[in-house]
$ cat protein.cif   # mmCIF, C-alpha atoms and all ligand atoms
data_coords
loop_
_atom_site.label_atom_id
_atom_site.label_comp_id
_atom_site.auth_asym_id
_atom_site.auth_seq_id
_atom_site.Cartn_x
_atom_site.Cartn_y
_atom_site.Cartn_z
CA MET A 185 158.21 118.60 166.20
CA SER A 186 161.77 119.79 166.33
CA ARG A 187 162.96 122.95 164.58
CA VAL A 188 165.58 123.55 161.92
CA PHE A 189 168.07 126.42 162.09
CA SER A 190 170.92 127.48 159.83
CA GLY A 191 172.84 130.68 159.16
CA ILE A 192 174.80 132.05 156.24
CA GLN A 193 177.19 134.99 156.42
CA PRO A 194 176.77 138.03 154.16
CA THR A 195 180.54 138.20 153.68
CA GLY A 196 180.51 137.97 149.89
CA GLU A 197 178.85 136.29 146.94
CA PRO A 198 177.17 132.99 147.80
CA HIS A 199 179.03 130.20 146.00
CA ILE A 200 178.48 126.65 144.84
CA GLY A 201 179.96 125.36 148.13
CA ASN A 202 177.26 127.18 150.08
CA TYR A 203 174.69 126.02 147.55
CA PHE A 204 175.45 122.29 147.43
CA GLY A 205 176.77 122.09 150.99
CA ALA A 206 173.96 123.93 152.74
CA MET A 207 171.35 125.90 150.76
CA ARG A 208 169.93 122.89 148.92
CA ASN A 209 169.25 121.29 152.29
CA TYR A 210 167.55 124.49 153.44
CA VAL A 211 165.09 124.08 150.57
CA ARG A 212 164.56 120.36 151.23
CA LEU A 213 164.08 120.76 154.99
CA GLY A 214 161.98 123.89 154.41
CA GLU A 215 159.48 121.80 152.48
CA GLN A 216 159.35 119.36 155.38
CA TYR A 217 159.36 121.74 158.38
CA GLY A 218 157.67 124.87 156.97
CA LYS A 219 157.69 127.82 159.37
CA GLN A 220 159.54 125.65 161.92
CA SER A 221 162.62 125.88 159.70
CA LEU A 222 164.53 129.09 160.34
CA TYR A 223 167.18 130.49 157.99
CA CYS A 224 169.17 133.50 158.96
CA VAL A 225 171.54 135.89 157.22
CA VAL A 226 174.09 136.20 160.03
CA ASP A 227 175.32 139.77 159.73
CA LEU A 228 176.59 139.81 163.33
CA HIS A 229 178.91 136.97 162.36
CA ALA A 230 179.97 138.74 159.19
CA ILE A 231 181.39 141.73 161.07
CA THR A 232 183.88 139.46 162.86
CA ASN A 233 185.68 139.51 159.50
CA PRO A 234 187.48 142.86 159.29
CA ALA A 235 187.40 142.77 155.49
CA ALA A 236 183.62 142.22 155.40
CA SER A 237 182.55 144.81 157.94
CA ASP A 238 182.56 147.86 155.65
CA PRO A 239 179.17 149.53 156.28
CA ARG A 240 178.95 150.55 152.63
CA TYR A 241 178.60 146.93 151.60
CA LEU A 242 177.06 145.07 154.51
CA ALA A 243 173.43 146.02 153.81
CA ALA A 244 173.78 145.25 150.10
CA ARG A 245 175.40 141.88 150.84
CA THR A 246 172.65 141.02 153.29
CA PHE A 247 170.06 141.88 150.63
CA ASP A 248 171.92 139.83 148.00
CA MET A 249 172.15 136.84 150.32
CA ALA A 250 168.37 136.91 150.77
CA VAL A 251 167.93 137.18 146.99
CA ALA A 252 170.25 134.21 146.42
CA ASN A 253 168.37 132.02 148.89
CA PHE A 254 164.98 132.92 147.45
CA ALA A 255 166.34 132.36 143.94
CA VAL A 256 167.44 128.79 144.69
CA GLY A 257 163.93 127.97 145.87
CA LEU A 258 163.45 129.05 149.49
CA ASP A 259 159.99 130.58 149.75
CA PRO A 260 159.88 133.16 152.57
CA SER A 261 156.12 132.70 152.91
CA GLN A 262 156.68 128.98 153.65
CA VAL A 263 159.79 129.10 155.90
CA THR A 264 161.09 131.63 158.44
CA PHE A 265 163.80 133.68 156.74
CA PHE A 266 165.30 136.69 158.52
CA VAL A 267 168.36 138.78 159.35
CA GLN A 268 170.23 138.05 162.59
CA SER A 269 170.63 141.67 163.75
CA HIS A 270 166.86 142.19 163.47
CA VAL A 271 166.38 139.81 166.40
CA PRO A 272 168.37 141.25 169.35
CA GLU A 273 167.79 138.14 171.49
CA HIS A 274 170.67 136.46 169.60
CA GLN A 275 173.13 138.80 171.29
CA GLU A 276 171.56 138.52 174.70
CA LEU A 277 171.75 134.73 174.71
CA ALA A 278 175.25 134.85 173.20
CA TRP A 279 176.54 136.78 176.19
CA ILE A 280 175.22 134.17 178.61
CA PHE A 281 176.86 131.42 176.55
CA THR A 282 180.11 133.39 176.39
CA CYS A 283 180.15 133.30 180.19
CA LEU A 284 179.68 129.51 180.16
CA THR A 285 182.45 128.78 177.64
CA PRO A 286 186.13 128.43 178.56
CA VAL A 287 188.48 130.58 176.47
CA GLY A 288 190.62 127.49 175.89
CA GLU A 289 187.80 125.71 174.05
CA LEU A 290 187.25 128.71 171.80
CA GLU A 291 190.96 128.95 171.04
CA ARG A 292 190.97 125.29 169.99
CA MET A 293 188.43 125.82 167.17
CA THR A 294 190.15 125.13 163.84
CA GLN A 295 188.14 127.83 162.05
CA TYR A 296 189.37 130.36 164.62
CA LYS A 297 192.96 129.22 164.09
CA ASP A 298 192.59 129.38 160.29
CA LYS A 299 190.95 132.80 160.27
CA THR A 300 193.40 134.38 162.68
CA ALA A 301 196.61 132.89 161.26
CA GLN A 302 197.07 135.85 158.87
CA LEU A 303 195.80 138.60 161.19
CA GLU A 304 198.04 141.02 163.01
CA SER A 305 195.27 142.05 165.40
CA VAL A 306 192.52 139.55 166.23
CA PRO A 307 189.02 140.93 166.95
CA ALA A 308 187.63 139.36 170.14
CA GLY A 309 184.45 138.68 168.15
CA LEU A 310 186.31 136.04 166.11
CA LEU A 311 187.02 134.14 169.30
CA MET A 312 183.41 134.49 170.53
CA TYR A 313 181.95 133.49 167.16
CA PRO A 314 181.02 129.91 168.21
CA ALA A 315 179.20 131.15 171.34
CA LEU A 316 177.10 133.44 169.13
CA MET A 317 176.49 130.54 166.76
CA ALA A 318 175.33 128.36 169.66
CA ALA A 319 172.94 131.16 170.65
CA ASP A 320 171.59 131.38 167.07
CA ILE A 321 170.66 127.70 167.13
CA LEU A 322 169.52 127.28 170.73
CA LEU A 323 167.45 130.50 170.82
CA TYR A 324 164.96 128.52 168.71
CA LYS A 325 165.60 125.23 170.53
CA ALA A 326 166.48 123.86 167.10
CA GLY A 327 167.36 120.16 166.87
CA VAL A 328 168.38 120.03 163.20
CA VAL A 329 171.16 122.15 161.68
CA PRO A 330 171.91 121.82 157.94
CA VAL A 331 175.55 122.87 157.40
CA GLY A 332 178.73 122.00 155.54
CA GLU A 333 181.33 119.78 157.18
CA ASP A 334 183.44 122.80 158.19
CA GLN A 335 180.86 123.51 160.92
CA THR A 336 181.13 120.11 162.68
CA GLN A 337 183.32 121.41 165.49
CA HIS A 338 181.04 124.41 166.11
CA ILE A 339 177.95 122.19 166.31
CA GLU A 340 179.76 119.93 168.79
CA LEU A 341 180.54 122.99 170.93
CA THR A 342 176.88 124.06 170.67
CA ARG A 343 175.90 120.67 172.08
CA GLU A 344 178.36 121.11 174.91
CA ILE A 345 177.01 124.57 175.71
CA ALA A 346 173.45 123.18 175.74
CA ARG A 347 174.53 120.44 178.16
CA LYS A 348 176.33 122.90 180.37
CA PHE A 349 173.40 125.33 180.49
CA ASN A 350 170.97 122.50 181.24
CA HIS A 351 173.26 121.23 183.99
CA HIS A 352 173.60 124.64 185.68
CA PHE A 353 170.13 126.06 185.20
CA GLY A 354 167.82 123.10 184.55
CA GLU A 355 166.71 121.25 181.42
CA THR A 356 166.14 123.90 178.74
CA PHE A 357 167.83 123.20 175.41
CA PRO A 358 167.94 120.17 173.07
CA GLU A 359 171.32 118.96 171.76
CA PRO A 360 171.17 119.80 168.05
CA GLN A 361 172.35 117.48 165.26
CA ALA A 362 174.18 118.61 162.13
CA VAL A 363 172.72 117.47 158.79
CA TYR A 364 175.14 117.27 155.86
CA ASN A 365 174.79 116.82 152.15
CA LYS A 366 177.00 113.74 151.74
CA GLU A 367 177.76 114.62 148.10
CA ALA A 368 179.09 118.05 149.05
CA LEU A 369 180.76 117.92 152.43
CA ARG A 370 183.60 120.28 151.54
CA ILE A 371 183.72 121.68 148.02
CA PRO A 372 187.22 122.74 146.99
CA GLY A 373 188.02 126.30 145.90
CA VAL A 374 188.50 126.86 142.16
CA ASP A 375 192.01 128.23 142.85
CA GLY A 376 193.01 124.82 144.24
CA HIS A 377 193.76 126.22 147.71
CA GLY A 378 191.57 124.28 150.11
CA LYS A 379 187.86 124.79 150.81
CA MET A 380 185.87 127.19 148.66
CA SER A 381 185.06 130.12 150.95
CA LYS A 382 183.62 133.61 150.64
CA SER A 383 186.06 134.90 153.19
CA LYS A 384 189.00 133.87 150.97
CA GLY A 385 187.68 136.13 148.21
CA GLU A 386 186.62 135.72 144.63
CA THR A 387 189.64 133.75 143.44
CA SER A 388 188.34 130.85 145.56
CA THR A 389 184.67 130.95 144.67
CA LEU A 390 182.31 130.17 141.81
CA GLY A 391 179.34 132.36 142.65
CA ILE A 392 175.86 131.02 142.04
CA LEU A 393 174.89 134.50 140.80
CA GLU A 394 178.20 135.15 139.05
CA PRO A 395 178.02 136.00 135.32
CA LEU A 396 178.65 132.77 133.42
CA ASP A 397 181.51 134.21 131.35
CA SER A 398 183.29 135.05 134.60
CA VAL A 399 182.65 131.51 135.90
CA TRP A 400 184.16 130.16 132.69
CA GLN A 401 187.26 132.39 132.99
CA LYS A 402 187.94 130.86 136.42
CA LEU A 403 187.29 127.29 135.28
CA ARG A 404 189.48 127.76 132.22
CA VAL A 405 192.56 128.47 134.33
CA ALA A 406 191.65 126.20 137.27
CA PRO A 407 194.31 123.63 138.22
CA THR A 408 193.70 119.98 137.30
CA ASP A 409 195.72 116.82 138.04
CA PRO A 410 199.25 118.32 138.40
CA ALA A 411 200.80 115.08 137.10
CA ARG A 412 199.01 115.53 133.78
CA VAL A 413 201.35 117.89 131.96
CA ARG A 414 200.80 117.09 128.26
CA ARG A 415 197.48 116.44 126.55
CA THR A 416 198.67 112.88 125.87
CA ASP A 417 199.36 112.12 129.56
CA PRO A 418 196.65 110.08 131.25
CA GLY A 419 195.04 111.93 134.19
CA ASN A 420 193.61 110.99 137.56
CA PRO A 421 190.09 112.37 138.15
CA ASP A 422 190.30 111.45 141.84
CA VAL A 423 192.75 114.32 142.46
CA CYS A 424 191.08 116.81 140.10
CA LEU A 425 188.72 119.50 141.38
CA ILE A 426 187.08 119.73 137.94
CA PHE A 427 185.96 116.13 138.44
CA ASP A 428 184.61 117.05 141.88
CA TYR A 429 182.53 119.74 140.20
CA HIS A 430 181.36 117.32 137.48
CA LYS A 431 179.90 115.15 140.23
CA LEU A 432 177.77 118.13 141.30
CA PHE A 433 176.73 119.53 137.95
CA SER A 434 176.87 116.84 135.26
CA ASP A 435 174.58 113.94 134.45
CA LEU A 436 175.74 110.37 135.13
CA PRO A 437 176.71 109.51 131.52
CA THR A 438 178.93 112.63 131.37
CA ILE A 439 180.55 111.86 134.74
CA GLU A 440 181.25 108.30 133.60
CA LEU A 441 182.61 109.43 130.23
CA VAL A 442 184.95 111.99 131.78
CA ASN A 443 186.10 109.49 134.39
CA VAL A 444 187.02 106.87 131.78
CA GLU A 445 188.43 109.14 129.09
CA CYS A 446 190.60 111.21 131.45
CA ARG A 447 192.33 108.07 132.72
CA ARG A 448 193.33 107.06 129.18
CA ALA A 449 194.01 110.58 127.85
CA GLY A 450 190.93 110.30 125.63
CA ILE A 451 189.75 113.75 126.65
CA GLY A 452 191.82 116.86 127.34
CA CYS A 453 191.33 119.16 130.31
CA VAL A 454 189.90 122.01 128.23
CA ASP A 455 187.22 119.81 126.67
CA CYS A 456 186.49 118.32 130.07
CA LYS A 457 186.00 121.83 131.45
CA LYS A 458 183.73 122.74 128.51
CA LYS A 459 181.54 119.74 129.33
CA LEU A 460 181.42 120.87 132.95
CA MET A 461 180.44 124.37 131.84
CA GLU A 462 177.37 122.93 130.06
CA GLY A 463 176.12 121.47 133.34
CA VAL A 464 176.97 124.66 135.24
CA THR A 465 175.05 126.74 132.69
CA ALA A 466 172.00 124.47 132.83
CA HIS A 467 172.00 124.62 136.65
CA LEU A 468 172.69 128.29 137.23
CA THR A 469 170.74 129.95 134.42
CA PRO A 470 167.25 129.53 135.96
CA ILE A 471 168.61 130.57 139.40
CA GLN A 472 170.17 133.71 137.92
CA GLU A 473 166.98 134.57 136.04
CA ARG A 474 164.95 134.29 139.21
CA ALA A 475 167.49 136.46 141.06
CA GLU A 476 167.10 139.17 138.40
CA GLU A 477 163.34 139.19 138.97
CA LEU A 478 163.85 139.51 142.72
CA ARG A 479 166.37 142.33 142.37
CA ALA A 480 163.84 144.21 140.29
CA ASP A 481 161.41 144.02 143.21
CA PRO A 482 163.41 145.10 146.29
CA SER A 483 160.32 145.91 148.35
CA TYR A 484 159.22 142.27 148.09
CA VAL A 485 162.58 141.19 149.54
CA ARG A 486 162.56 143.82 152.31
CA ASP A 487 158.97 143.05 153.30
CA ALA A 488 159.80 139.34 153.44
CA LEU A 489 162.75 140.03 155.77
CA ALA A 490 160.65 142.27 158.03
CA GLN A 491 157.95 139.62 158.22
CA GLY A 492 160.57 136.92 158.89
CA ALA A 493 162.06 138.91 161.77
CA GLN A 494 158.62 139.16 163.38
CA GLU A 495 158.08 135.42 163.04
CA ALA A 496 161.52 134.63 164.47
CA ARG A 497 161.03 136.99 167.39
CA ALA A 498 157.72 135.38 168.23
CA ILE A 499 159.65 132.14 168.87
CA ALA A 500 162.75 133.74 170.41
CA ALA A 501 161.06 136.04 172.94
CA PRO A 502 159.45 133.37 175.13
CA VAL A 503 162.64 131.24 175.04
CA MET A 504 164.67 134.25 176.18
CA GLU A 505 162.07 134.95 178.87
CA GLU A 506 162.55 131.39 180.14
CA VAL A 507 166.35 131.75 180.04
CA ARG A 508 166.34 135.06 181.96
CA GLU A 509 164.22 133.57 184.67
CA LYS A 510 166.41 130.47 184.96
CA VAL A 511 169.62 132.51 185.10
CA GLY A 512 168.10 134.75 187.78
CA PHE A 513 167.75 138.07 185.93
P1 LIG B 601 181.90 130.80 153.82
O1 LIG B 601 182.86 129.85 154.47
O2 LIG B 601 181.94 130.72 152.34
O3 LIG B 601 182.00 132.22 154.33
P2 LIG B 601 179.55 130.52 155.51
O4 LIG B 601 180.44 130.53 156.70
O5 LIG B 601 178.60 131.64 155.32
O6 LIG B 601 180.43 130.34 154.17
O7 LIG B 601 178.76 129.17 155.49
C1 LIG B 601 177.44 129.00 154.99
C2 LIG B 601 177.16 127.52 154.87
O8 LIG B 601 177.84 126.98 153.73
C3 LIG B 601 177.67 126.72 156.07
O9 LIG B 601 176.71 125.71 156.37
C4 LIG B 601 178.95 126.12 155.58
O10 LIG B 601 179.26 124.92 156.26
C5 LIG B 601 178.63 125.86 154.11
N1 LIG B 601 179.85 125.85 153.31
C6 LIG B 601 180.72 126.90 153.17
N2 LIG B 601 181.73 126.57 152.34
C7 LIG B 601 181.50 125.28 151.94
C8 LIG B 601 182.19 124.37 151.06
N3 LIG B 601 183.30 124.73 150.42
N4 LIG B 601 181.67 123.12 150.88
C9 LIG B 601 180.53 122.75 151.51
N5 LIG B 601 179.83 123.56 152.34
C10 LIG B 601 180.29 124.82 152.56
NA NA B 602 182.52 129.43 156.99
#

$ encode --input "protein.cif" --output "C-alpha cells"
Amino acid sequence: MSRVFSGIQPTGEPHIGNYFGAMRNYVRLGEQYGKQSLYCVVDLHAITNPAASDPRYLAARTFDMAVANFAVGLDPSQVTFFVQSHVPEHQELAWIFTCLTPVGELERMTQYKDKTAQLESVPAGLLMYPALMAADILLYKAGVVPVGEDQTQHIELTREIARKFNHHFGETFPEPQAVYNKEALRIPGVDGHGKMSKSKGETSTLGILEPLDSVWQKLRVAPTDPARVRRTDPGNPDVCLIFDYHKLFSDLPTIELVNVECRRAGIGCVDCKKKLMEGVTAHLTPIQERAEELRADPSYVRDALAQGAQEARAIAAPVMEEVREKVGF
C-alpha cells in the first residue's frame, strides 16, 4: 500500500483555505490509510518566511497548528502526525535533492516569484523550498499528496526529482500524485486580493480558530460584486467571494436561494453575509470547542508530537540508509 504525505506551515493561524483545501482530505485519507498517512507541521519551511521566523512565536504556532489539525478530526493515535524539525532526515535528503535540481527550475516556480516580489533581500531557503518539499514527500516514499491547487507546480517538480534520482542512482522513489478537493481548489482571501494565505497576514484569512465576532467583522466589510453598488442593483454571485464561501459553508437550499435572489436584487449583501455567518458558526463552533479542550491539555499534544516523530523516523531512517548507500556515502 502506498503512503500519504502532506505538510502545513506554522506561519500563522490555519484558515478556511487550509481547512477545505487540504485538512479535510487529511482526515478522509487518514481514515483510509491509518499510520501510513503522515501529516507534518513544516517548521523548516516556515522559517523561509522572514516574517514568520521569530523564535518567540514559532514554537507556539507549531503547537497551535497541531491543535487545529486534531480539532478538525485528525486523531494522532490513528495517523502519523509530527513536526518536521524533529526528523532530521528531511534536511539530509533535501541537500541531496538540492544538488540534483537546476537553479533555473527553482527560479521558475510561481510561488517563489510571488513570495520574493516584495522582498529586498531573498533568503536562499525560499529558492530551495521545493527541494525540501520533495524531500518531505519522498523520504516516506509517499504516492499520495493531499494539497491545494497552489502546490501543483511543486508536486510536478517532486516527480521530476524522483525521476532524476531514480535515473542516476537506481529505482528508489515513486512519482507522487497530488489529490485535490475539487470544491476548494483555491479559496479567495476575504480582502479580495487573490488566494487566502497565512503568509499574507490576517487581513486575507478567516481562521478556523478565530473568534466568531472577529470572523464576522471581516465578512461584514468584505468586497462583493463591485458592479452592485446600490441595494436595488442585481448582483452576480459568480464574481462574489461571499458566494464562494456559501458553497463551502451553507446547505443547498441556502446556496440556491442566495444564487437566485442576488441576481434579482431580492437579497442585499448584508443579509447574504448574515446567512453565510450562520453556516460558518455551525461549522466552526464544534471545532473551536474541541481546540479549547486540547489547549487545556498541552501535555497530550506534546506527547502526541513526540510519539509521531518516533513513528515517522522509523519509516524515514531505513529510506535514508538506502539513499546514502545508493549515493555512495
Ligand atoms: P498558506 O499558503 O496559507 O501559508 P500552507 O503553505 O501552509 O498555507 O499550505 C497548507 C495547505 O493548504 C497546502 O496544501 C495548500 O495548498 C493549502 N492551501 C493554502 N491556501 C489555500 C487556499 N486559499 N485554497 C485552497 N487550499 C489552500
Ligand atoms: Na502556501

$ atom_distance --input "protein.cif" --atom1 "atom C5 of ligand LIG 601 (chain B)" --atom2 "CA of Gly201 (chain A)"
6.1 Å

$ residues_around --input "protein.cif" --residues "region 378-390 of chain A" --least-positions-apart "6" --cutoff "8 Å" --atoms "only C-alpha atoms" --output "list in words"
Thr195, Gly196, Glu197, Pro198, His199, Ile200, Gly201, Asn233, Arg370, Ile371, Pro372, Val399 and Lys402 of chain A

$ closest_residue --input "protein.cif" --among "A:Ser434, A:Thr264, A:Thr336, A:Gln494" --to "ligand LIG 601 (chain B)" --atoms "all atoms listed in the file"
A:Thr336

$ residues_around --input "protein.cif" --residues "Arg292 (chain A)" --least-positions-apart "3" --cutoff "12 Å" --atoms "only C-alpha atoms" --output "JSON, numbers by chain"
{"A": [285, 286, 287, 288, 289, 295, 296, 297, 298, 300, 311, 312, 314, 337, 338, 341]}

$ closest_residue --input "protein.cif" --among "A:His229, A:His352, A:Arg447, A:His274" --to "ligand NA 602 (chain B)" --atoms "all atoms listed in the file"
A:His229

$ closest_residue --input "protein.cif" --among "A:Arg497, A:Arg187, A:Lys457, A:Lys299" --to "ligand NA 602 (chain B)" --atoms "all atoms listed in the file"
A:Lys299

$ closest_residue --input "protein.cif" --among "A:Ala411, A:Val454, A:Ala449, A:Ile192" --to "ligand NA 602 (chain B)" --atoms "all atoms listed in the file"
A:Ile192

$ residues_near_point --input "protein.cif" --point "(166.3, 121.8, 165.0)" --cutoff "10 Å" --atoms "only C-alpha atoms" --output "CSV table (one decimal) with C-alpha atoms, keeping the file's coordinate frame"
chain,number,residue,atom,x,y,z
A,185,MET,CA,158.2,118.6,166.2
A,186,SER,CA,161.8,119.8,166.3
A,187,ARG,CA,163.0,123.0,164.6
A,188,VAL,CA,165.6,123.6,161.9
A,189,PHE,CA,168.1,126.4,162.1
A,190,SER,CA,170.9,127.5,159.8
A,217,TYR,CA,159.4,121.7,158.4
A,220,GLN,CA,159.5,125.6,161.9
A,221,SER,CA,162.6,125.9,159.7
A,222,LEU,CA,164.5,129.1,160.3
A,321,ILE,CA,170.7,127.7,167.1
A,322,LEU,CA,169.5,127.3,170.7
A,324,TYR,CA,165.0,128.5,168.7
A,325,LYS,CA,165.6,125.2,170.5
A,326,ALA,CA,166.5,123.9,167.1
A,327,GLY,CA,167.4,120.2,166.9
A,328,VAL,CA,168.4,120.0,163.2
A,329,VAL,CA,171.2,122.2,161.7
A,330,PRO,CA,171.9,121.8,157.9
A,358,PRO,CA,167.9,120.2,173.1
A,359,GLU,CA,171.3,119.0,171.8
A,360,PRO,CA,171.2,119.8,168.0
A,361,GLN,CA,172.4,117.5,165.3
A,362,ALA,CA,174.2,118.6,162.1
A,363,VAL,CA,172.7,117.5,158.8

$ atom_distance --input "protein.cif" --atom1 "CA of Val423 (chain A)" --atom2 "CA of Arg208 (chain A)"
25.2 Å

$ atom_distance --input "protein.cif" --atom1 "CA of Gly191 (chain A)" --atom2 "CA of Glu344 (chain A)"
19.2 Å

$ closest_residue --input "protein.cif" --among "A:Ala319, A:Thr282, A:Leu432, A:Arg240" --to "ligand LIG 601 (chain B)" --atoms "only C-alpha atoms and all ligand atoms"
A:Leu432

$ closest_residue --input "protein.cif" --among "A:Val331, A:Leu436, A:Leu258, A:Ala244" --to "Ala206 (chain A)" --atoms "all atoms listed in the file"
A:Val331

$ residues_around --input "protein.cif" --residues "region 427-431 of chain A" --least-positions-apart "4" --cutoff "7 Å" --atoms "all atoms listed in the file" --output "PyMOL selection string"
chain A and resi 421+439+460

$ write_last_selection --input "protein.cif" --atoms "C-alpha atoms" --output "mmCIF file, keeping the file's coordinate frame"
data_model
loop_
_atom_site.group_PDB
_atom_site.id
_atom_site.type_symbol
_atom_site.label_atom_id
_atom_site.label_comp_id
_atom_site.auth_asym_id
_atom_site.auth_seq_id
_atom_site.Cartn_x
_atom_site.Cartn_y
_atom_site.Cartn_z
ATOM 1 C CA PRO A 421 190.090 112.370 138.150
ATOM 2 C CA ILE A 439 180.550 111.860 134.740
ATOM 3 C CA LEU A 460 181.420 120.870 132.950
#
